[in-house]
Each structure stands twice: as C-alpha cells, then as structure tokens.
>>> print(open('my_file_28.txt').read())   # compact mmCIF, C-alpha atoms
# COMPACT_ATOMS: atom_id res chain seq x y z
CA MET A 110 48.73 -50.71 -41.63
CA GLU A 111 45.57 -48.61 -41.29
CA ARG A 112 45.50 -46.88 -37.95
CA SER A 113 41.86 -47.82 -37.49
CA ASN A 114 42.94 -51.48 -37.74
CA ILE A 115 45.41 -51.45 -34.86
CA PRO A 116 44.75 -54.51 -32.68
CA ALA A 117 42.64 -53.85 -29.60
CA ALA A 118 45.42 -55.11 -27.32
CA VAL A 119 47.81 -52.47 -28.68
CA VAL A 120 45.18 -49.75 -28.37
CA GLY A 121 44.63 -50.78 -24.78
CA ARG A 122 48.33 -50.15 -24.14
CA LEU A 123 48.51 -46.76 -25.88
CA PRO A 124 47.25 -44.66 -22.97
CA ARG A 125 50.07 -46.07 -20.87
CA TYR A 126 52.69 -45.13 -23.49
CA TYR A 127 51.06 -41.72 -23.70
CA ARG A 128 51.31 -41.29 -19.96
CA TYR A 129 54.97 -42.32 -19.78
CA LEU A 130 55.90 -40.14 -22.73
CA GLY A 131 54.18 -37.18 -21.09
CA GLU A 132 56.24 -37.71 -17.94
CA LEU A 133 59.47 -38.04 -19.94
CA ILE A 134 58.73 -34.78 -21.74
CA GLU A 135 57.97 -33.05 -18.41
CA ASN A 136 61.38 -34.26 -17.24
CA GLY A 137 63.08 -32.85 -20.31
CA VAL A 138 63.80 -36.17 -22.05
CA GLY A 139 63.79 -35.56 -25.80
CA ARG A 140 64.80 -39.01 -27.04
CA ILE A 141 64.50 -42.47 -25.57
CA SER A 142 65.60 -45.93 -26.72
CA SER A 143 63.24 -48.87 -26.68
CA ASP A 144 65.60 -50.49 -24.14
CA ARG A 145 65.34 -47.60 -21.70
CA LEU A 146 61.57 -47.32 -22.20
CA SER A 147 61.41 -51.05 -21.59
CA GLU A 148 63.11 -50.67 -18.19
CA LEU A 149 60.84 -47.79 -17.21
CA MET A 150 57.59 -49.45 -18.21
CA GLY A 151 58.43 -53.00 -17.24
CA VAL A 152 57.60 -54.49 -20.64
CA THR A 153 60.05 -56.04 -23.10
CA ALA A 154 61.83 -53.83 -25.61
CA SER A 155 60.62 -56.11 -28.39
CA GLN A 156 57.01 -55.55 -27.35
CA ILE A 157 57.59 -51.81 -27.38
CA ARG A 158 59.08 -51.97 -30.88
CA GLN A 159 56.19 -54.14 -32.08
CA ASP A 160 53.58 -51.83 -30.55
CA LEU A 161 55.10 -48.64 -31.86
CA ASN A 162 55.75 -50.16 -35.30
CA HIS A 163 52.01 -49.96 -35.90
CA PHE A 164 52.43 -46.23 -36.35
CA GLY A 165 55.50 -46.47 -38.53
CA GLY A 166 58.58 -44.33 -38.66
CA PHE A 167 58.70 -43.17 -35.05
CA GLY A 168 61.88 -44.99 -34.07
CA GLN A 169 65.21 -44.96 -35.79
CA GLN A 170 67.81 -47.65 -35.16
CA GLY A 171 70.42 -46.21 -32.81
CA TYR A 172 68.64 -42.88 -32.31
CA GLY A 173 65.70 -43.93 -30.20
CA TYR A 174 62.25 -42.40 -30.24
CA ASN A 175 61.57 -38.69 -30.38
CA THR A 176 59.36 -38.35 -27.30
CA SER A 177 57.50 -35.18 -28.31
CA TYR A 178 56.73 -36.46 -31.78
CA LEU A 179 55.56 -39.83 -30.48
CA TYR A 180 53.49 -38.15 -27.75
CA GLN A 181 51.79 -35.90 -30.25
CA GLU A 182 51.13 -38.71 -32.72
CA ILE A 183 49.70 -41.04 -30.08
CA GLY A 184 47.62 -38.15 -28.72
CA GLU A 185 46.31 -37.50 -32.22
CA LEU A 186 45.63 -41.18 -32.71
CA LEU A 187 43.79 -41.43 -29.39
CA GLY A 188 41.69 -38.47 -30.45
CA LEU A 189 42.88 -36.38 -27.51
CA ASN A 190 43.08 -33.27 -29.63
CA ASP A 191 39.42 -33.50 -30.61
CA ARG A 192 36.71 -31.98 -28.48
CA TYR A 193 34.12 -34.39 -27.11
CA ASP A 194 30.88 -33.09 -25.67
CA MET A 195 29.45 -35.28 -22.96
CA ILE A 196 26.16 -35.60 -21.15
CA LEU A 197 25.65 -36.90 -17.65
CA ILE A 198 22.90 -39.38 -16.87
CA GLY A 199 22.14 -39.19 -13.16
CA ALA A 200 22.72 -35.99 -11.20
CA GLY A 201 23.18 -37.60 -7.79
CA ASN A 202 26.28 -37.77 -5.62
CA LEU A 203 28.48 -39.53 -8.15
CA GLY A 204 27.20 -37.47 -11.08
CA GLU A 205 27.88 -34.26 -9.22
CA ALA A 206 31.36 -35.49 -8.40
CA LEU A 207 32.09 -36.33 -12.02
CA ALA A 208 30.75 -32.99 -13.24
CA ALA A 209 33.03 -31.12 -10.85
CA PHE A 210 35.99 -33.27 -11.78
CA ILE A 211 35.63 -33.22 -15.56
CA ASN A 212 34.42 -29.65 -16.06
CA GLY A 213 36.98 -28.43 -13.55
CA SER A 214 39.80 -30.01 -15.58
CA ARG A 215 41.63 -28.87 -18.67
CA LEU A 216 40.47 -31.85 -20.71
CA ASN A 217 38.95 -31.51 -24.15
CA GLN A 218 35.91 -33.30 -22.78
CA ARG A 219 33.11 -31.35 -21.15
CA PHE A 220 29.63 -31.99 -19.85
CA ILE A 221 27.10 -29.82 -21.65
CA ALA A 222 24.00 -31.15 -19.87
CA ALA A 223 22.87 -33.54 -17.17
CA PHE A 224 19.68 -35.61 -17.08
CA ASP A 225 17.77 -36.99 -14.13
CA ILE A 226 14.32 -38.32 -13.25
CA ASN A 227 14.09 -36.28 -10.03
CA GLU A 228 11.86 -33.27 -10.78
CA GLU A 229 13.36 -31.28 -7.93
CA LEU A 230 16.65 -31.12 -9.80
CA PHE A 231 15.29 -29.81 -13.12
CA GLY A 232 16.64 -26.36 -13.88
CA ARG A 233 19.37 -26.57 -11.27
CA TYR A 234 23.06 -26.60 -12.08
CA ILE A 235 25.71 -29.02 -10.88
CA SER A 236 29.03 -27.27 -11.39
CA ASP A 237 28.21 -25.36 -14.59
CA VAL A 238 26.03 -28.14 -16.01
CA PRO A 239 22.24 -27.65 -16.28
CA VAL A 240 20.05 -30.54 -15.12
CA LEU A 241 17.25 -31.50 -17.52
CA SER A 242 14.52 -34.14 -17.44
CA MET A 243 15.25 -37.61 -18.83
CA GLN A 244 12.23 -36.98 -21.08
CA GLU A 245 14.27 -34.37 -22.93
CA LEU A 246 17.20 -36.74 -23.46
CA LYS A 247 16.45 -38.09 -26.93
CA ASP A 248 15.51 -34.70 -28.32
CA PHE A 249 18.65 -33.14 -26.85
CA THR A 250 20.92 -35.67 -28.57
CA GLN A 251 19.21 -34.94 -31.88
CA LYS A 252 19.94 -31.24 -31.53
CA HIS A 253 23.46 -31.41 -30.07
CA SER A 254 26.46 -33.40 -31.11
CA VAL A 255 26.98 -35.56 -28.03
CA SER A 256 29.93 -37.94 -28.08
CA ILE A 257 29.82 -39.57 -24.68
CA ALA A 258 27.01 -40.25 -22.21
CA VAL A 259 28.35 -40.80 -18.72
CA LEU A 260 26.11 -43.15 -16.79
CA ALA A 261 26.04 -42.41 -13.07
CA VAL A 262 22.62 -43.61 -11.94
CA PRO A 263 22.00 -46.05 -9.07
CA GLY A 264 22.51 -49.71 -10.11
CA PRO A 265 18.82 -50.67 -10.30
CA ALA A 266 18.13 -47.73 -12.67
CA ALA A 267 20.96 -48.61 -15.07
CA ALA A 268 19.04 -50.96 -17.36
CA ASP A 269 16.25 -48.40 -17.91
CA ALA A 270 18.72 -45.63 -18.60
CA ALA A 271 20.66 -47.84 -21.03
CA ALA A 272 17.44 -48.65 -22.89
CA GLN A 273 16.79 -44.93 -23.33
CA LEU A 274 20.37 -44.25 -24.42
CA ALA A 275 20.09 -47.04 -27.01
CA GLY A 276 17.65 -44.83 -28.95
CA CYS A 277 19.78 -41.68 -28.75
CA ARG A 278 22.30 -40.19 -31.13
CA ILE A 279 25.44 -40.76 -29.04
CA ARG A 280 28.74 -42.47 -29.81
CA ALA A 281 29.77 -43.99 -26.51
CA VAL A 282 28.79 -44.68 -22.91
CA TRP A 283 31.20 -44.30 -20.00
CA ASN A 284 29.55 -46.58 -17.49
CA PHE A 285 30.09 -45.83 -13.78
CA THR A 286 27.31 -48.13 -12.61
CA ASN A 287 28.02 -51.69 -11.60
CA ALA A 288 25.56 -52.98 -14.21
CA GLU A 289 26.62 -54.59 -17.46
CA LEU A 290 24.80 -52.70 -20.17
CA GLU A 291 22.98 -53.93 -23.26
CA LEU A 292 23.50 -51.38 -26.02
CA PRO A 293 23.57 -51.45 -29.83
CA GLU A 294 26.94 -52.35 -31.36
CA ASP A 295 27.52 -48.87 -32.73
CA ILE A 296 27.64 -47.44 -29.21
CA LEU A 297 31.00 -48.03 -27.52
CA VAL A 298 30.97 -48.92 -23.84
CA GLU A 299 33.74 -48.44 -21.30
CA ASP A 300 33.12 -49.68 -17.76
CA VAL A 301 34.52 -48.19 -14.57
CA HIS A 302 33.38 -50.53 -11.85
CA LEU A 303 34.37 -48.37 -8.88
CA MET A 304 32.65 -50.52 -6.31
CA ASP A 305 34.22 -53.73 -7.70
CA SER A 306 37.56 -52.00 -7.45
CA MET A 307 37.00 -51.04 -3.83
CA ARG A 308 35.74 -54.51 -3.02
CA LYS A 309 39.00 -56.00 -4.28
CA LEU A 310 40.80 -53.76 -1.78
CA THR A 311 38.58 -54.51 1.18
CA TYR A 312 38.80 -58.22 0.36
CA GLY A 313 42.58 -58.00 0.25
CA ILE A 314 42.73 -56.31 3.65
CA HIS A 315 40.20 -58.75 5.07
CA ALA A 316 42.11 -61.79 3.73
CA ARG A 317 45.37 -60.50 5.19
CA ASN A 318 43.66 -59.99 8.54
CA LEU A 319 42.50 -63.61 8.50
CA LYS A 320 45.96 -64.77 7.49
CA GLY A 321 47.50 -62.63 10.24
CA VAL A 322 45.20 -64.22 12.81
CA LYS A 323 46.07 -67.68 11.50
CA ASP A 324 49.83 -66.99 11.48
CA HIS A 325 49.52 -65.66 15.00
CA ASP A 326 47.62 -68.76 16.13
CA ALA A 327 50.40 -70.88 14.71
CA ASP A 328 53.06 -69.18 16.86
CA MET B 253 40.66 -74.77 1.33
CA GLU B 254 41.63 -71.75 3.42
CA ARG B 255 39.64 -68.73 2.34
CA SER B 256 42.76 -66.60 2.47
CA ASN B 257 44.28 -68.93 -0.14
CA ILE B 258 41.63 -68.48 -2.80
CA PRO B 259 43.35 -67.84 -6.15
CA ALA B 260 43.59 -64.18 -7.14
CA ALA B 261 41.68 -64.85 -10.38
CA VAL B 262 38.70 -66.16 -8.40
CA VAL B 263 38.87 -63.24 -5.97
CA GLY B 264 38.86 -60.89 -8.94
CA ARG B 265 35.57 -62.45 -10.05
CA LEU B 266 33.86 -62.36 -6.65
CA PRO B 267 32.66 -58.75 -6.81
CA ARG B 268 30.86 -59.62 -10.03
CA TYR B 269 29.12 -62.60 -8.42
CA TYR B 270 28.25 -60.38 -5.48
CA ARG B 271 26.74 -57.79 -7.79
CA TYR B 272 24.64 -60.32 -9.72
CA LEU B 273 23.46 -62.00 -6.54
CA GLY B 274 22.43 -58.61 -5.13
CA GLU B 275 20.34 -57.95 -8.23
CA LEU B 276 18.75 -61.40 -8.09
CA ILE B 277 17.79 -60.87 -4.46
CA GLU B 278 16.32 -57.44 -5.28
CA ASN B 279 14.24 -59.20 -7.93
CA GLY B 280 13.00 -61.74 -5.42
CA VAL B 281 15.02 -64.71 -6.71
CA GLY B 282 15.73 -67.01 -3.75
CA ARG B 283 17.46 -69.86 -5.57
CA ILE B 284 19.39 -70.09 -8.81
CA SER B 285 21.04 -72.96 -10.70
CA SER B 286 24.59 -72.70 -12.00
CA ASP B 287 23.12 -73.08 -15.53
CA ARG B 288 20.83 -70.06 -15.14
CA LEU B 289 23.56 -68.00 -13.46
CA SER B 290 25.82 -69.01 -16.34
CA GLU B 291 23.36 -67.57 -18.90
CA LEU B 292 22.97 -64.35 -16.92
CA MET B 293 26.66 -63.74 -16.37
CA GLY B 294 27.95 -65.04 -19.69
CA VAL B 295 30.46 -67.45 -18.14
CA THR B 296 30.32 -71.25 -18.26
CA ALA B 297 28.36 -73.16 -15.63
CA SER B 298 31.45 -75.22 -14.93
CA GLN B 299 33.46 -72.10 -14.15
CA ILE B 300 30.74 -70.94 -11.79
CA ARG B 301 30.76 -74.29 -10.00
CA GLN B 302 34.55 -74.25 -9.76
CA ASP B 303 34.61 -70.67 -8.45
CA LEU B 304 31.91 -71.19 -5.86
CA ASN B 305 33.36 -74.53 -4.78
CA HIS B 306 36.14 -72.60 -3.10
CA PHE B 307 33.68 -71.66 -0.40
CA GLY B 308 32.20 -75.11 -0.04
CA GLY B 309 28.66 -76.22 0.52
CA PHE B 310 26.81 -73.36 -1.15
CA GLY B 311 25.32 -75.34 -4.03
CA GLN B 312 23.33 -78.51 -3.88
CA GLN B 313 22.87 -80.73 -6.90
CA GLY B 314 19.39 -80.13 -8.27
CA TYR B 315 18.53 -77.37 -5.79
CA GLY B 316 20.74 -74.55 -7.03
CA TYR B 317 22.35 -71.88 -4.91
CA ASN B 318 20.60 -70.04 -2.11
CA THR B 319 21.12 -66.47 -3.31
CA SER B 320 20.84 -64.74 0.08
CA TYR B 321 23.18 -67.15 1.79
CA LEU B 322 25.75 -66.93 -0.99
CA TYR B 323 25.45 -63.13 -1.08
CA GLN B 324 26.02 -62.87 2.64
CA GLU B 325 28.95 -65.31 2.61
CA ILE B 326 30.68 -63.60 -0.31
CA GLY B 327 30.06 -60.22 1.34
CA GLU B 328 31.61 -61.54 4.54
CA LEU B 329 34.53 -62.96 2.58
CA LEU B 330 35.06 -59.68 0.74
CA GLY B 331 35.08 -57.90 4.07
CA LEU B 332 32.07 -55.79 3.13
CA ASN B 333 30.62 -56.08 6.60
CA ASP B 334 33.73 -54.61 8.20
CA ARG B 335 34.18 -50.88 8.59
CA TYR B 336 37.14 -49.36 6.82
CA ASP B 337 38.31 -45.87 7.67
CA MET B 338 39.91 -44.07 4.77
CA ILE B 339 41.98 -40.95 4.31
CA LEU B 340 42.12 -38.80 1.22
CA ILE B 341 45.44 -37.60 -0.18
CA GLY B 342 44.78 -34.55 -2.34
CA ALA B 343 41.81 -32.27 -1.66
CA GLY B 344 41.46 -30.90 -5.19
CA ASN B 345 38.66 -31.41 -7.69
CA LEU B 346 38.87 -35.18 -7.83
CA GLY B 347 39.40 -35.54 -4.08
CA GLU B 348 36.40 -33.38 -3.35
CA ALA B 349 34.36 -35.47 -5.78
CA LEU B 350 35.42 -38.71 -4.11
CA ALA B 351 34.69 -37.35 -0.62
CA ALA B 352 31.18 -36.36 -1.66
CA PHE B 353 30.59 -39.69 -3.37
CA ILE B 354 31.95 -42.00 -0.66
CA ASN B 355 30.78 -40.16 2.44
CA GLY B 356 27.42 -39.53 0.82
CA SER B 357 26.92 -43.25 0.26
CA ARG B 358 25.79 -46.00 2.58
CA LEU B 359 29.06 -47.90 2.29
CA ASN B 360 30.98 -49.15 5.31
CA GLN B 361 33.91 -47.10 4.08
CA ARG B 362 34.26 -43.46 5.13
CA PHE B 363 36.84 -40.72 4.84
CA ILE B 364 37.88 -39.51 8.27
CA ALA B 365 40.44 -36.94 7.08
CA ALA B 366 41.96 -35.40 3.97
CA PHE B 367 45.54 -34.22 3.46
CA ASP B 368 46.92 -31.62 1.09
CA ILE B 369 49.99 -29.45 0.63
CA ASN B 370 47.96 -26.31 -0.10
CA GLU B 371 47.96 -24.21 3.10
CA GLU B 372 44.81 -22.39 2.08
CA LEU B 373 42.85 -25.61 2.47
CA PHE B 374 44.01 -26.49 5.99
CA GLY B 375 41.12 -26.42 8.46
CA ARG B 376 38.49 -26.43 5.73
CA TYR B 377 36.02 -29.25 5.18
CA ILE B 378 35.23 -31.04 1.96
CA SER B 379 31.88 -32.73 2.48
CA ASP B 380 32.25 -33.60 6.19
CA VAL B 381 35.98 -34.34 5.91
CA PRO B 382 38.53 -31.99 7.54
CA VAL B 383 41.57 -31.05 5.45
CA LEU B 384 44.92 -31.35 7.25
CA SER B 385 48.51 -30.70 6.23
CA MET B 386 50.53 -33.50 4.61
CA GLN B 387 53.01 -32.92 7.44
CA GLU B 388 50.45 -34.36 9.85
CA LEU B 389 49.93 -37.49 7.75
CA LYS B 390 52.31 -39.92 9.41
CA ASP B 391 51.33 -38.90 12.91
CA PHE B 392 47.64 -39.20 12.04
CA THR B 393 48.04 -42.78 10.82
CA GLN B 394 49.82 -43.67 14.07
CA LYS B 395 46.89 -42.37 16.11
CA HIS B 396 44.00 -43.61 13.97
CA SER B 397 43.33 -46.98 12.45
CA VAL B 398 43.38 -46.09 8.75
CA SER B 399 42.70 -48.91 6.30
CA ILE B 400 42.78 -47.20 2.93
CA ALA B 401 44.53 -44.09 1.64
CA VAL B 402 42.86 -42.77 -1.50
CA LEU B 403 45.39 -41.05 -3.72
CA ALA B 404 43.88 -38.20 -5.72
CA VAL B 405 46.79 -35.82 -6.28
CA PRO B 406 47.92 -34.50 -9.69
CA GLY B 407 50.07 -37.01 -11.61
CA PRO B 408 53.43 -35.28 -11.03
CA ALA B 409 52.83 -35.25 -7.25
CA ALA B 410 52.00 -38.96 -7.06
CA ALA B 411 55.53 -40.29 -6.52
CA ASP B 412 56.16 -37.91 -3.59
CA ALA B 413 52.84 -38.76 -1.99
CA ALA B 414 53.49 -42.49 -2.41
CA ALA B 415 56.91 -42.10 -0.75
CA GLN B 416 55.21 -40.48 2.26
CA LEU B 417 52.50 -43.13 2.38
CA ALA B 418 55.16 -45.85 2.35
CA GLY B 419 56.18 -44.75 5.86
CA CYS B 420 52.63 -44.65 7.23
CA ARG B 421 50.56 -47.18 9.10
CA ILE B 422 48.00 -47.95 6.38
CA ARG B 423 46.86 -51.19 4.76
CA ALA B 424 46.08 -50.20 1.20
CA VAL B 425 46.16 -47.45 -1.41
CA TRP B 426 43.31 -46.82 -3.84
CA ASN B 427 45.18 -45.02 -6.59
CA PHE B 428 43.23 -42.55 -8.74
CA THR B 429 46.33 -41.00 -10.27
CA ASN B 430 47.72 -42.20 -13.57
CA ALA B 431 51.07 -42.98 -11.95
CA GLU B 432 52.25 -46.48 -11.14
CA LEU B 433 53.23 -46.44 -7.50
CA GLU B 434 56.20 -47.90 -5.70
CA LEU B 435 55.08 -49.05 -2.28
CA PRO B 436 56.18 -51.70 0.23
CA GLU B 437 54.71 -55.16 -0.33
CA ASP B 438 52.55 -55.02 2.76
CA ILE B 439 50.54 -52.13 1.32
CA LEU B 440 47.95 -53.30 -1.21
CA VAL B 441 47.44 -51.15 -4.29
CA GLU B 442 44.37 -50.94 -6.51
CA ASP B 443 44.55 -48.65 -9.54
CA VAL B 444 41.66 -46.76 -11.11
CA HIS B 445 43.13 -45.15 -14.19
CA LEU B 446 40.21 -42.86 -15.02
CA MET B 447 42.02 -40.96 -17.72
CA ASP B 448 43.26 -44.16 -19.39
CA SER B 449 39.68 -45.33 -19.39
CA MET B 450 38.43 -42.14 -21.00
CA ARG B 451 41.24 -42.25 -23.54
CA LYS B 452 40.15 -45.72 -24.65
CA LEU B 453 36.70 -44.23 -25.35
CA THR B 454 37.91 -41.17 -27.22
CA TYR B 455 40.26 -43.37 -29.23
CA GLY B 456 37.39 -45.68 -30.12
CA ILE B 457 35.24 -42.78 -31.32
CA HIS B 458 38.16 -41.27 -33.18
CA ALA B 459 39.03 -44.58 -34.90
CA ARG B 460 35.42 -45.07 -35.97
CA ASN B 461 35.36 -41.55 -37.39
CA LEU B 462 38.46 -42.32 -39.48
CA LYS B 463 36.95 -45.59 -40.60
CA GLY B 464 33.70 -43.82 -41.51
CA VAL B 465 35.62 -41.29 -43.63
CA LYS B 466 37.55 -44.12 -45.32
CA ASP B 467 34.40 -46.14 -46.02
CA HIS B 468 32.80 -43.03 -47.44
CA ASP B 469 35.81 -42.33 -49.68
CA ALA B 470 35.59 -45.88 -51.01
CA ASP B 471 32.01 -45.36 -52.24
>>> encode(input="my_file_28.txt", output="structure tokens")
Amino acid sequence: MERSNIPAAVVGRLPRYYRYLGELIENGVGRISSDRLSELMGVTASQIRQDLNHFGGFGQQGYGYNTSYLYQEIGELLGLNDRYDMILIGAGNLGEALAAFINGSRLNQRFIAAFDINEELFGRYISDVPVLSMQELKDFTQKHSVSIAVLAVPGPAAADAAAQLAGCRIRAVWNFTNAELELPEDILVEDVHLMDSMRKLTYGIHARNLKGVKDHDAD
Amino acid sequence: MERSNIPAAVVGRLPRYYRYLGELIENGVGRISSDRLSELMGVTASQIRQDLNHFGGFGQQGYGYNTSYLYQEIGELLGLNDRYDMILIGAGNLGEALAAFINGSRLNQRFIAAFDINEELFGRYISDVPVLSMQELKDFTQKHSVSIAVLAVPGPAAADAAAQLAGCRIRAVWNFTNAELELPEDILVEDVHLMDSMRKLTYGIHARNLKGVKDHDAD
C-alpha cells in the first residue's frame, strides 16, 4: 500500500502511537508485542496490528515490534524530520503566546514572520519573530517557502484573514480561531478550538454543580 | 428533561451553536430558522431541532429562534456566566503563553496561581500570576476555590503532576500535555493535544509532497 494512501482514520491515530513509542523508548523498552501495546493504549491488539500493517514489516510474529525502528518510521511518515517554516497571522495575546511556545521549543517547526493589521506592531518582535503588515503577506509567501500559517486573530477577523491566505503560497493553516474557515482544497486546515474546549469543561463543572444541588435537595 | 442529563453528544455540539449564535448577533440577526441555521452550520435542520429541543421552548414554528435568548440560555447552561478560578501547573514556555492568553482575555476564567518544581521561578510572576512551589499545591487548593487546573508540564512530568492533582480539591483538569492522565472520576479532564494536532498537519503536507513526487514520476 502507498503510504500516501493510508486511510485518514489510521493517520489520525499515528500521533498517538508515536507518543506511546516515544515514552517506551524513554523507559528503555526496545521491543513490544501488540498485546502489551494494546493494554497500554487501551485499543485492541487486532486494531494495532491492522494499523501498523499499513507500513509493512514492522512486526514479527513472536518477536513484537522494534520500538525505535517503528518510532523513526512513523516520525518519517508524519514528516517530523522535515523542517516546516511557519508564519503567524495575528500578533496579539494568543499569537505572542504561540510564538514563545513554538520558537522556544526544539520542534522542527519555527515561525519566521508574523503579520498583523495594527500599525503600532510593525517592526516589533514577538519572541524572535518580526511583525510585518498584512499587506506584505502575499508577497512574503511568494519569496519564502512557508508551510503553515497559524491563524490567531480575533474571531470576527478570521474570515478576512482566511480570504487573504487563500491567495497565498502556503500549504496548510493551523486555525486557533473559533471560526470555520473557507479555504481552497489544496490548503490543509487543522482546527484547535481552544474556547470550545474550555467551554466543555466549564459546562461539565456547571452541570455537576446543578446535579449536586439536585441530589442535595433530594436528601 | 433535566439539563444536567443532556446527552454528551449534544453538549459537545453546544459550544459550536454558541459560537454561531454569537456571530449572528454581532451581525444583527435577531431571529433565525432551523433551515437557515442548518445551511450555515452544515448540519441537518432536524438535528438542530432535536438538539435545541433539549432546552425546550426556544423555537417557535414559523418564527425561528430568538438568537439573543438562545445565546444567553446556552451560555448560562455552559456555565459561561460563572467565574472559574484556575491554577497553572508548569510555568515554562507553554504555561507562560497560556497565562498571558487567558489572563489577557475578557473571559470569566482567570489564573490565580501557578505551580512549578523549578526553585528559581518561585516568587516570580508570569503575566500577573505568582509562581509557587508544587509543595504548596495541595494546601493552596484547600484554601482557595479552584475550579480548573491547567496542566502544562513537559510530557514526562505529566504522570507525577496528575498524581498530585488527584489529591487536590479541584473540579477539572485542562490537559495540554500529550499524556493521557489517570485521575479520579470526580475530576473532569479535557485534553488539548497540541502536538498531535500539529503532527496531523505536518503529516498531511508530507503525504501530499510524496504524492506530488509520485504523480510527477508518472508523467
């Protein structure tokens, strides 16, 4: 099977395998059976064998998987060994936070520029990332090989920013706004709805409070 | 139906309704039919009616939903009008980023303290949040009403931190590490696997590159 044809559901599970394998390696585990991995990860051993079969030849009956080899191969497959230059759209609170986090890490991904509409920010740096005008965006992506645009503008500005990104030479958008973006098919989109995530938590706490009150009333 | 008994699947969709309703209100839309909302959100009108029926009495046949009323009610239901005090576990790059983002926002959630194991950080502030020692954690949660602990430690430290949080008086953990946490049932957990999310993107770009090379070879 062509690696580029691996089903999306399997791809979605790869980062989790990668993470577990990394932890096993850190703990000095050189080989692991699908049964043991199944216990650790809480998925069936048959699913693990099916998933990892897409890459062929990793597991050997009775020997288990070689963790380092599998880790490296999945890393290669996920493109983690490539370098990806990123740009930041929106140099506000969240953008600044992301710049500090990403450029302060040892990832192969780095911000090389940030863009904003606020003139006061032009020429400044957030972490080590220069802030440019949104008017320079398209030109910048023509001149530099930008893989990922990270969208961190306020919600109401997301549609405008997406429209501008649609005309740029970029490969993907990592969307931290709560908006659902309209972009051409050749631009990948990955959403991180932080506020939705927090709202699930606050709802859960709130619902338990109500339930607690009700249970108490029933005493 | 008791609001605390709304199915988890519906609850999971509420933040999205909330977000769309907020945008409609910003755009001056006072009423909306389930058909129009269906087009906007890309879900069936019948699903929308079923979901919103859990709250009762919002929609009227032929009149549509009152956006402001629905927004307010869902906000109330999600607990967005309550104040939630949070603590930060891990005052590194990511923690600092989250402190700046959350405490710089107009949310009802705020960090009131951060905890770390690095002595050099004790007594410092990140944004307006004081950094304390992890040894003070349990005591702090006894004295303050902490709703959410935000976990932003390096992956290998996550299990230890979770074990300490398990003994604390908190309601929920917002987990920004890539680890899957073991916590008592009465502590809610919401995961934000940022690195998994980025890996899906880099994999997508990588896979398209391979495909592009293959297509080119086939010419």
>>> closest_atom_pairs(input="my_file_28.txt", of="chain B", to="chain A", cutoff="6 Å", atoms="only C-alpha atoms", output="Markdown table")
| residue | atom | partner | partner_atom | distance |
| --- | --- | --- | --- | --- |
| B:Ser256 | CA | A:Ala316 | CA | 5.0 |
| B:Pro267 | CA | A:Asp305 | CA | 5.3 |
| B:Leu330 | CA | A:Tyr312 | CA | 4.0 |
| B:Gly331 | CA | A:Tyr312 | CA | 5.3 |
| B:Asn345 | CA | A:Phe210 | CA | 5.2 |
| B:Leu346 | CA | A:Phe210 | CA | 5.2 |
| B:Ala349 | CA | A:Ala206 | CA | 4.0 |
| B:Phe353 | CA | A:Asn202 | CA | 5.2 |
| B:Asp448 | CA | A:Pro124 | CA | 5.4 |
| B:Thr454 | CA | A:Gly188 | CA | 5.7 |
| B:Tyr455 | CA | A:Leu187 | CA | 4.0 |
| B:His458 | CA | A:Gly188 | CA | 5.3 |
| B:Ala459 | CA | A:Ser113 | CA | 5.0 |
>>> atom_distance(input="my_file_28.txt", atom1="atom CA of B:Gly342", atom2="atom CA of B:Glu437")
23.0 Å
>>> atom_distance(input="my_file_28.txt", atom1="atom CA of B:Leu304", atom2="atom CA of A:Glu291")
26.1 Å
>>> atom_distance(input="my_file_28.txt", atom1="atom CA of B:Lys390", atom2="atom CA of B:Asn360")
23.6 Å
>>> residues_around(input="my_file_28.txt", residues="A:Glu245", least_positions_apart="5", cutoff="10 Å", atoms="all atoms listed in the file", output="short mmCIF file (atom, residue, chain, number, x, y, z; two decimals) with C-alpha atoms, in the coordinates of the input")
data_model
loop_
_atom_site.label_atom_id
_atom_site.label_comp_id
_atom_site.auth_asym_id
_atom_site.auth_seq_id
_atom_site.Cartn_x
_atom_site.Cartn_y
_atom_site.Cartn_z
CA PHE A 224 19.68 -35.61 -17.08
CA ASP A 225 17.77 -36.99 -14.13
CA THR A 250 20.92 -35.67 -28.57
#
>>> residues_around(input="my_file_28.txt", residues="A:Arg233", least_positions_apart="3", cutoff="12 Å", atoms="all atoms listed in the file", output="compact mmCIF listing (two decimals) with C-alpha atoms, keeping the file's coordinate frame")
# COMPACT_ATOMS: atom_id res chain seq x y z
CA ALA A 200 22.72 -35.99 -11.20
CA GLU A 205 27.88 -34.26 -9.22
CA ALA A 222 24.00 -31.15 -19.87
CA ALA A 223 22.87 -33.54 -17.17
CA PHE A 224 19.68 -35.61 -17.08
CA ASP A 225 17.77 -36.99 -14.13
CA ASN A 227 14.09 -36.28 -10.03
CA GLU A 228 11.86 -33.27 -10.78
CA GLU A 229 13.36 -31.28 -7.93
CA LEU A 230 16.65 -31.12 -9.80
CA SER A 236 29.03 -27.27 -11.39
CA ASP A 237 28.21 -25.36 -14.59
CA VAL A 238 26.03 -28.14 -16.01
CA PRO A 239 22.24 -27.65 -16.28
CA VAL A 240 20.05 -30.54 -15.12
CA LEU A 241 17.25 -31.50 -17.52
CA SER A 242 14.52 -34.14 -17.44
>>> closest_residue(input="my_file_28.txt", among="A:Tyr178, A:Phe164, A:Phe249, A:Tyr126", to="A:Leu149", atoms="only C-alpha atoms")
A:Tyr126
>>> residues_around(input="my_file_28.txt", residues="A:Leu146", least_positions_apart="5", cutoff="8 Å", atoms="only C-alpha atoms", output="JSON, numbers by chain")
{"A": [141, 154, 157]}
>>> decode(input="my_file_28.txt", residues="stretch 403-417 of chain B", atoms="C-alpha atoms", output="tab-separated table (two decimals), in the first residue's frame")
chain	number	residue	atom	x	y	z
B	403	LEU	CA	-1.57	21.12	33.06
B	404	ALA	CA	1.31	22.49	31.02
B	405	VAL	CA	4.32	20.49	32.20
B	406	PRO	CA	6.70	18.55	29.91
B	407	GLY	CA	5.29	15.14	28.87
B	408	PRO	CA	7.48	13.02	31.16
B	409	ALA	CA	6.39	15.06	34.21
B	410	ALA	CA	2.67	14.72	33.47
B	411	ALA	CA	2.03	11.48	35.38
B	412	ASP	CA	3.64	12.85	38.57
B	413	ALA	CA	1.72	16.09	38.34
B	414	ALA	CA	-1.55	14.22	37.74
B	415	ALA	CA	-0.89	12.06	40.82
B	416	GLN	CA	-0.51	15.23	42.91
B	417	LEU	CA	-3.63	16.80	41.39
